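One file, entry-v5.pdb, is given below (PDB, C-alpha atoms).
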ATOM      1  CA  ALA A   1     -17.313  12.471  -6.229
ATOM      2  CA  ILE A   2     -14.235  13.525  -4.220
ATOM      3  CA  THR A   3     -13.483  16.338  -6.648
ATOM      4  CA  ALA A   4     -17.088  17.536  -6.631
ATOM      5  CA  GLY A   5     -17.139  17.541  -2.833
ATOM      6  CA  ALA A   6     -13.904  19.551  -2.645
ATOM      7  CA  GLU A   7     -15.278  22.088  -5.112
ATOM      8  CA  ARG A   8     -18.614  22.359  -3.338
ATOM      9  CA  HIS A   9     -16.992  23.042   0.055
ATOM     10  CA  HIS A  10     -14.108  25.159  -1.314
ATOM     11  CA  LEU A  11     -11.438  22.728  -0.109
ATOM     12  CA  VAL A  12      -7.928  22.293  -1.464
ATOM     13  CA  LEU A  13      -7.601  18.800  -2.910
ATOM     14  CA  PHE A  14      -4.320  17.012  -2.118
ATOM     15  CA  SER A  15      -3.867  13.916  -4.286
ATOM     16  CA  ASP A  16      -1.095  11.453  -3.396
ATOM     17  CA  GLU A  17      -0.321   9.666  -6.690
ATOM     18  CA  ILE A  18       2.977   8.045  -5.774
ATOM     19  CA  TYR A  19       1.692   4.703  -7.182
ATOM     20  CA  ASP A  20       0.012   6.147 -10.286
ATOM     21  CA  GLN A  21       1.698   3.864 -12.858
ATOM     22  CA  MET A  22       1.865   0.753 -10.675
ATOM     23  CA  THR A  23      -1.264  -1.046 -11.921
ATOM     24  CA  TYR A  24      -2.081  -4.647 -12.873
ATOM     25  CA  ASP A  25      -4.242  -6.528 -15.365
ATOM     26  CA  GLY A  26      -5.196  -3.464 -17.368
ATOM     27  CA  ALA A  27      -6.371  -1.354 -14.417
ATOM     28  CA  GLN A  28      -6.178   2.406 -15.062
ATOM     29  CA  HIS A  29      -5.229   5.247 -12.771
ATOM     30  CA  TYR A  30      -7.263   8.452 -13.031
ATOM     31  CA  SER A  31      -6.016  11.665 -11.464
ATOM     32  CA  PRO A  32      -8.561  13.963  -9.756
ATOM     33  CA  ALA A  33      -6.709  16.846 -11.413
ATOM     34  CA  LYS A  34      -8.489  15.888 -14.648
ATOM     35  CA  TRP A  35     -11.842  16.963 -13.203
ATOM     36  CA  CYS A  36     -10.780  19.588 -10.674
ATOM     37  CA  LYS A  37     -11.605  23.016 -12.151
ATOM     38  CA  LYS A  38     -13.244  25.133  -9.427
ATOM     39  CA  THR A  39     -10.775  24.640  -6.577
ATOM     40  CA  LEU A  40      -7.044  24.124  -6.146
ATOM     41  CA  CYS A  41      -5.653  20.632  -6.721
ATOM     42  CA  ALA A  42      -2.158  19.599  -5.619
ATOM     43  CA  THR A  43      -0.910  16.373  -7.219
ATOM     44  CA  PHE A  44       2.041  14.668  -5.516
ATOM     45  CA  GLY A  45       4.458  12.237  -7.167
ATOM     46  CA  GLY A  46       7.984  10.962  -6.772
ATOM     47  CA  LEU A  47      10.625   8.384  -7.588
ATOM     48  CA  SER A  48      10.351   6.215  -4.479
ATOM     49  CA  LYS A  49       7.567   3.807  -5.515
ATOM     50  CA  VAL A  50       7.054   3.578  -9.286
ATOM     51  CA  TYR A  51      10.804   3.892  -9.900
ATOM     52  CA  LEU A  52      11.810   1.899  -6.795
ATOM     53  CA  ALA A  53      14.246   4.642  -5.769
ATOM     54  CA  CYS A  54      13.320   5.123  -2.109
ATOM     55  CA  GLY A  55      16.776   6.281  -1.028
ATOM     56  CA  PHE A  56      16.842   9.179  -3.500
ATOM     57  CA  ARG A  57      14.161  11.073  -1.535
ATOM     58  CA  VAL A  58      12.999  12.893  -4.661
ATOM     59  CA  GLY A  59       9.422  14.023  -5.161
ATOM     60  CA  TRP A  60       7.348  16.800  -6.656
ATOM     61  CA  VAL A  61       3.986  18.510  -6.514
ATOM     62  CA  ALA A  62       2.025  19.987  -9.437
ATOM     63  CA  PHE A  63      -0.808  22.490  -8.977
ATOM     64  CA  SER A  64      -3.861  22.733 -11.193
ATOM     65  CA  GLY A  65      -7.483  23.812 -11.093
ATOM     66  CA  ASP A  66      -8.363  27.244  -9.716
ATOM     67  CA  VAL A  67      -4.848  28.551  -9.042
ATOM     68  CA  ALA A  68      -5.663  32.290  -9.122
ATOM     69  CA  PRO A  69      -6.663  32.677  -5.429
ATOM     70  CA  ALA A  70      -3.671  30.625  -4.251
ATOM     71  CA  SER A  71      -0.832  33.129  -4.714
ATOM     72  CA  ASP A  72      -0.143  33.412  -0.958
ATOM     73  CA  PHE A  73      -0.166  29.628  -0.669
ATOM     74  CA  PHE A  74       2.375  29.299  -3.485
ATOM     75  CA  LEU A  75       4.562  31.943  -1.836
ATOM     76  CA  SER A  76       4.514  29.948   1.409
ATOM     77  CA  MET A  77       5.411  26.777  -0.491
ATOM     78  CA  ASP A  78       8.395  28.535  -2.091
ATOM     79  CA  LEU A  79       9.499  29.794   1.316
ATOM     80  CA  LEU A  80       9.224  26.342   2.846
ATOM     81  CA  ALA A  81      11.182  24.782  -0.026
ATOM     82  CA  GLY A  82      13.873  27.446   0.322
ATOM     83  CA  LEU A  83      14.337  26.601   4.000
ATOM     84  CA  ARG A  84      15.366  23.048   3.210
ATOM     85  CA  LEU A  85      19.124  22.582   3.544
ATOM     86  CA  CYS A  86      21.234  20.143   1.530
ATOM     87  CA  PRO A  87      18.636  18.985  -1.012
ATOM     88  CA  ASN A  88      19.385  15.841  -2.959
ATOM     89  CA  ALA A  89      20.603  17.791  -5.996
ATOM     90  CA  PRO A  90      22.211  14.822  -7.844
ATOM     91  CA  GLY A  91      19.059  12.781  -7.356
ATOM     92  CA  GLN A  92      16.958  15.519  -8.943
ATOM     93  CA  PHE A  93      18.594  14.796 -12.290
ATOM     94  CA  ALA A  94      16.627  11.539 -12.235
ATOM     95  CA  ILE A  95      13.345  13.450 -12.379
ATOM     96  CA  THR A  96      13.748  14.326 -16.066
ATOM     97  CA  ALA A  97      14.377  10.700 -16.954
ATOM     98  CA  ALA A  98      11.404   9.616 -14.856
ATOM     99  CA  LEU A  99       8.959  12.048 -16.420
ATOM    100  CA  THR A 100      10.086  11.311 -19.975
ATOM    101  CA  ASN A 101      10.108   7.518 -19.611
ATOM    102  CA  THR A 102       6.730   6.542 -18.185
ATOM    103  CA  HIS A 103       6.943   2.815 -18.939
ATOM    104  CA  VAL A 104       9.710   1.778 -16.537
ATOM    105  CA  VAL A 105       7.416   0.046 -14.059
ATOM    106  CA  GLU A 106       5.543  -1.891 -16.771
ATOM    107  CA  GLU A 107       8.307  -4.500 -16.816
ATOM    108  CA  LEU A 108       7.555  -5.170 -13.152
ATOM    109  CA  THR A 109       3.749  -5.107 -13.269
ATOM    110  CA  ARG A 110       3.031  -7.137 -16.403
ATOM    111  CA  PRO A 111       2.758 -10.971 -16.332
ATOM    112  CA  GLY A 112       6.219 -12.362 -15.661
ATOM    113  CA  GLY A 113       7.364  -9.166 -13.940
ATOM    114  CA  ARG A 114       8.556  -9.361 -10.356
ATOM    115  CA  LEU A 115       5.718  -7.385  -8.748
ATOM    116  CA  TYR A 116       3.094  -9.150 -10.851
ATOM    117  CA  GLN A 117       4.414 -12.591  -9.949
ATOM    118  CA  THR A 118       4.629 -11.726  -6.261
ATOM    119  CA  ARG A 119       1.038 -10.490  -6.410
ATOM    120  CA  GLN A 120       0.035 -13.773  -8.018
ATOM    121  CA  ALA A 121       1.861 -15.698  -5.283
ATOM    122  CA  ILE A 122      -0.242 -13.844  -2.692
ATOM    123  CA  ILE A 123      -3.458 -14.630  -4.580
ATOM    124  CA  ASP A 124      -2.444 -18.298  -4.816
ATOM    125  CA  GLY A 125      -1.439 -18.409  -1.148
ATOM    126  CA  VAL A 126      -4.836 -17.107  -0.070
ATOM    127  CA  LYS A 127      -6.662 -19.598  -2.298
ATOM    128  CA  LYS A 128      -4.596 -22.456  -0.891
ATOM    129  CA  SER A 129      -5.157 -21.473   2.740
ATOM    130  CA  LYS A 130      -7.885 -22.960   4.917
ATOM    131  CA  TYR A 131      -8.316 -19.685   6.781
ATOM    132  CA  LEU A 132      -7.490 -16.690   4.557
ATOM    133  CA  ARG A 133      -9.579 -14.567   2.214
ATOM    134  CA  LEU A 134      -8.840 -11.722  -0.176
ATOM    135  CA  PRO A 135     -12.011  -9.648  -0.651
ATOM    136  CA  LYS A 136     -10.264  -7.318  -3.075
ATOM    137  CA  ILE A 137      -7.459  -8.422  -5.392
ATOM    138  CA  PRO A 138      -5.000  -5.513  -5.530
ATOM    139  CA  ASN A 139      -5.108  -3.786  -8.916
ATOM    140  CA  GLY A 140      -2.516  -1.182  -8.017
ATOM    141  CA  ALA A 141       0.355  -0.248  -5.679
ATOM    142  CA  MET A 142       2.452  -2.891  -3.915
ATOM    143  CA  TYR A 143       0.328  -4.178  -1.045
ATOM    144  CA  ALA A 144      -2.387  -6.728  -0.327
ATOM    145  CA  PHE A 145      -4.904  -6.526   2.524
ATOM    146  CA  VAL A 146      -5.522 -10.139   3.524
ATOM    147  CA  GLY A 147      -8.399 -11.201   5.750
ATOM    148  CA  VAL A 148      -8.913 -14.153   8.079
ATOM    149  CA  ASP A 149     -12.142 -16.181   8.134
ATOM    150  CA  LYS A 150     -13.494 -15.651  11.646
ATOM    151  CA  SER A 151     -16.000 -18.460  11.222
ATOM    152  CA  LYS A 152     -12.967 -20.763  11.395
ATOM    153  CA  LEU A 153     -10.875 -18.683  13.803
ATOM    154  CA  PRO A 154     -13.449 -16.724  15.846
ATOM    155  CA  ASN A 155     -10.869 -15.443  18.356
ATOM    156  CA  PHE A 156      -8.365 -14.231  15.792
ATOM    157  CA  ASP A 157      -6.674 -10.947  16.689
ATOM    158  CA  ASP A 158      -4.497  -9.272  14.068
ATOM    159  CA  GLN A 159      -2.078  -7.668  16.537
ATOM    160  CA  LYS A 160      -1.340 -10.910  18.353
ATOM    161  CA  PHE A 161      -1.046 -12.734  15.037
ATOM    162  CA  ALA A 162       1.499 -10.208  13.750
ATOM    163  CA  MET A 163       3.572 -10.637  16.920
ATOM    164  CA  ASP A 164       3.329 -14.446  16.859
ATOM    165  CA  LEU A 165       4.305 -14.555  13.197
ATOM    166  CA  LEU A 166       7.302 -12.321  13.872
ATOM    167  CA  GLU A 167       8.513 -14.168  16.964
ATOM    168  CA  LYS A 168       7.854 -17.717  15.775
ATOM    169  CA  LYS A 169       8.501 -17.478  12.019
ATOM    170  CA  HIS A 170      10.530 -14.239  11.665
ATOM    171  CA  VAL A 171       7.966 -12.802   9.236
ATOM    172  CA  LEU A 172       6.795  -9.203   9.616
ATOM    173  CA  VAL A 173       3.287  -8.111   8.566
ATOM    174  CA  CYS A 174       1.203  -5.061   9.496
ATOM    175  CA  PRO A 175      -1.939  -5.734  11.556
ATOM    176  CA  GLY A 176      -5.029  -4.259   9.956
ATOM    177  CA  VAL A 177      -5.948  -2.140  12.983
ATOM    178  CA  SER A 178      -2.777  -0.094  12.436
ATOM    179  CA  PHE A 179      -4.655   1.474   9.505
ATOM    180  CA  ASN A 180      -7.338   2.808  11.849
ATOM    181  CA  VAL A 181     -10.064   0.289  11.002
ATOM    182  CA  LYS A 182     -12.589  -1.059  13.508
ATOM    183  CA  TYR A 183     -12.171  -4.733  12.595
ATOM    184  CA  ASN A 184      -9.221  -6.906  13.676
ATOM    185  CA  ASP A 185      -9.254  -9.762  11.167
ATOM    186  CA  PHE A 186      -6.974  -8.344   8.453
ATOM    187  CA  PHE A 187      -3.250  -7.861   7.898
ATOM    188  CA  ARG A 188      -1.221  -6.190   5.175
ATOM    189  CA  LEU A 189       1.517  -7.740   3.051
ATOM    190  CA  THR A 190       3.925  -6.027   0.674
ATOM    191  CA  LEU A 191       4.708  -7.183  -2.862
ATOM    192  CA  LEU A 192       8.405  -6.350  -2.582
ATOM    193  CA  PRO A 193       9.753  -9.865  -1.772
ATOM    194  CA  ASN A 194      10.086 -12.229  -4.719
ATOM    195  CA  GLU A 195       7.444 -14.871  -5.383
ATOM    196  CA  VAL A 196       9.503 -17.728  -3.915
ATOM    197  CA  GLU A 197       9.875 -15.876  -0.626
ATOM    198  CA  VAL A 198       6.173 -15.022  -0.556
ATOM    199  CA  ARG A 199       5.164 -18.645  -1.073
ATOM    200  CA  ASP A 200       7.371 -19.563   1.885
ATOM    201  CA  VAL A 201       5.746 -16.767   3.903
ATOM    202  CA  PHE A 202       2.293 -18.225   3.257
ATOM    203  CA  ASP A 203       3.461 -21.645   4.419
ATOM    204  CA  LYS A 204       4.582 -20.025   7.678
ATOM    205  CA  ILE A 205       1.340 -18.076   8.012
ATOM    206  CA  GLU A 206      -0.621 -21.297   7.594
ATOM    207  CA  GLN A 207       1.450 -22.980  10.296
ATOM    208  CA  VAL A 208       0.644 -20.232  12.801
ATOM    209  CA  LEU A 209      -3.049 -20.283  11.882
ATOM    210  CA  ASP A 210      -3.078 -24.076  12.252
ATOM    211  CA  GLU A 211      -1.764 -23.599  15.791
ATOM    212  CA  TYR A 212      -4.617 -21.187  16.486
ATOM    213  CA  ALA A 213      -7.180 -23.639  15.131
ATOM    214  CA  GLN A 214      -5.856 -26.408  17.372
ATOM    215  CA  ALA A 215      -5.492 -24.229  20.473
ATOM    216  CA  PRO A 216      -8.062 -24.129  23.299
ATOM    217  CA  THR A 217     -10.792 -21.513  22.885
ATOM    218  CA  GLY A 218      -9.528 -18.071  23.870
ATOM    219  CA  HIS A 219      -5.854 -18.729  23.241
ATOM    220  CA  ALA A 220      -5.759 -17.297  19.725
ATOM    221  CA  ASN A 221      -7.033 -13.897  20.819
ATOM    222  CA  GLY A 222      -4.154 -13.348  23.183
ATOM    223  CA  VAL A 223      -6.026 -13.963  26.454
ATOM    224  CA  ALA A 224      -3.712 -16.821  27.414
ATOM    225  CA  ASN A 225      -0.707 -14.527  27.101
ATOM    226  CA  GLY A 226      -2.318 -11.591  28.875
ATOM    227  CA  VAL A 227      -2.653  -9.571  25.659
ATOM    228  CA  HIS A 228      -5.941  -7.700  25.228
TER     229      HIS A 228
END
Please, can you express the file's structure as structure tokens?
Amino acid sequence: AITAGAERHHLVLFSDEIYDQMTYDGAQHYSPAKWCKKTLCATFGGLSKVYLACGFRVGWVAFSGDVAPASDFFLSMDLLAGLRLCPNAPGQFAITAALTNTHVVEELTRPGGRLYQTRQAIIDGVKKSKYLRLPKIPNGAMYAFVGVDKSKLPNFDDQKFAMDLLEKKHVLVCPGVSFNVKYNDFFRLTLLPNEVEVRDVFDKIEQVLDEYAQAPTGHANGVANGVH
């Protein structure tokens, strides 16, 4: 549907596929480039996520689809790339290895792998909690968007929760509203810590949520601390 819409309105389609091989439980990634024929498609990739090489700062973009009308665009891209000083030349040698060995991340995402086990620890932590829910089990990438049951914590506010969790338990999460959503009962976790650390994190999350449940009405939404 996205590809069809881009073609219908003559839009360039930019597809960020930095997590393309990081999938779980048999989930499959499909690139829009497969269906994009009548407009230009730019597919972005890199080493930072799938190959866990964030510090290398190496990425690439591949163009497909209707490339004929895009000659000026390609010229501008070449000019922009040429203006970059001190590129990570040694790191670029890793690109060949990355593109010719597409199964590196499988050791991390299959059962027993570090990312898979951390993901399972998050699923288990949500199931164990009296307050949390996980509407969508993550089938790709390295994050989980965890929700809070507002029928049990009606005054929950994700921004105050993130600050309380950081100050009281030294655990950092991203409040859901930082992703430009209208609801405030979600927060995001990363799968990068190991499963033991994540299980400890969920114990600490539960402790903070227990405090909210026992607090006077209004306290858990930040009113008592002057946070609105």
Per residue of segment 149-193 of chain A within 9 Å of segment 205-211 of chain A, record the nearest atom pair and its distance in Å to one decimal, counting all atoms listed in the file, with rows in chain order and ascending residue number, as a Markdown table.
| residue | atom | partner | partner_atom | distance |
| --- | --- | --- | --- | --- |
| A:Leu153 | CA | A:Leu209 | CA | 8.2 |
| A:Phe156 | CA | A:Leu209 | CA | 9.0 |
| A:Phe161 | CA | A:Val208 | CA | 8.0 |
| A:Asp164 | CA | A:Val208 | CA | 7.6 |
| A:Leu165 | CA | A:Val208 | CA | 6.8 |
| A:Lys168 | CA | A:Val208 | CA | 8.2 |
| A:Lys169 | CA | A:Ile205 | CA | 8.2 |
| A:Val171 | CA | A:Ile205 | CA | 8.6 |
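Here atom CA of Lys182 of chain A stands at a distance of 26.5 Å from atom CA of Gln214 of chain A.
Residues with any atom within 8 Å of segment 133-137 of chain A, counting all atoms listed in the file and excluding same-chain neighbours fewer than 2 positions away, are Ile123, Val126, Lys127, Tyr131, Asn139, Ala144, Phe145, Val146, Gly147, Val148 and Asp149 of chain A.
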Residue list as a PyMOL selection string for point (-3.6, 18.5, 1.9), cut-off 10 Å, all atoms listed in the file:
chain A and resi 11-16+41-43
Between A:Gln21, A:Thr39, A:Ser64, A:Ser31, which is the closest to His9 of chain A once you count only C-alpha atoms?
A:Thr39
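Excluding segment 93-99 of chain A itself and any same-chain residue fewer than 3 positions from it, the protein and nucleic acid residues within 10 Å of it, counting only C-alpha atoms, are Gly46, Leu47, Val50, Tyr51, Ala53, Phe56, Val58, Gly59, Trp60, Asn88, Ala89, Pro90, Thr102, His103 and Val104 of chain A.
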Centre, x/y/z edge lengths, axis-aligned box for segment 150-163 of chain A with 8 Å per side, as lines of an AutoDock Vina configuration file:
center_x = -6.2
center_y = -14.2
center_z = 14.8
size_x = 35.6
size_y = 29.1
size_z = 23.1
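Shortest atom-to-atom contact with Ser151 of chain A among A:Asp66, A:Asp185, A:Glu195, A:Glu107: A:Asp185, counting all atoms listed in the file.
Considering the residues A:Leu40, A:Arg110, A:Met22, A:Ile122 and counting all atoms listed in the file, Val67 of chain A has its shortest atom-to-atom contact with A:Leu40.
For the structure shown here, the set of residues caught by the PyMOL selection byres ((chain A and resi 25) around 10) is Thr23, Tyr24, Gly26, Ala27, Gln28, Thr109, Arg110, Pro111, Tyr116, Pro138, Asn139 and Gly140 of chain A.
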Please produce a file of the residues just selected, as a PDB file, in the frame of the given file, where the atoms kept are C-alpha atoms.
ATOM      1  CA  THR A  23      -1.264  -1.046 -11.921  1.00  0.00           C
ATOM      2  CA  TYR A  24      -2.081  -4.647 -12.873  1.00  0.00           C
ATOM      3  CA  GLY A  26      -5.196  -3.464 -17.368  1.00  0.00           C
ATOM      4  CA  ALA A  27      -6.371  -1.354 -14.417  1.00  0.00           C
ATOM      5  CA  GLN A  28      -6.178   2.406 -15.062  1.00  0.00           C
ATOM      6  CA  THR A 109       3.749  -5.107 -13.269  1.00  0.00           C
ATOM      7  CA  ARG A 110       3.031  -7.137 -16.403  1.00  0.00           C
ATOM      8  CA  PRO A 111       2.758 -10.971 -16.332  1.00  0.00           C
ATOM      9  CA  TYR A 116       3.094  -9.150 -10.851  1.00  0.00           C
ATOM     10  CA  PRO A 138      -5.000  -5.513  -5.530  1.00  0.00           C
ATOM     11  CA  ASN A 139      -5.108  -3.786  -8.916  1.00  0.00           C
ATOM     12  CA  GLY A 140      -2.516  -1.182  -8.017  1.00  0.00           C
TER      13      GLY A 140
END
Have a look at A:Lys204, A:Met142, A:Met163, A:Lys152 and name the one nearest to Thr190 of chain A; count all atoms listed in the file.
A:Met142
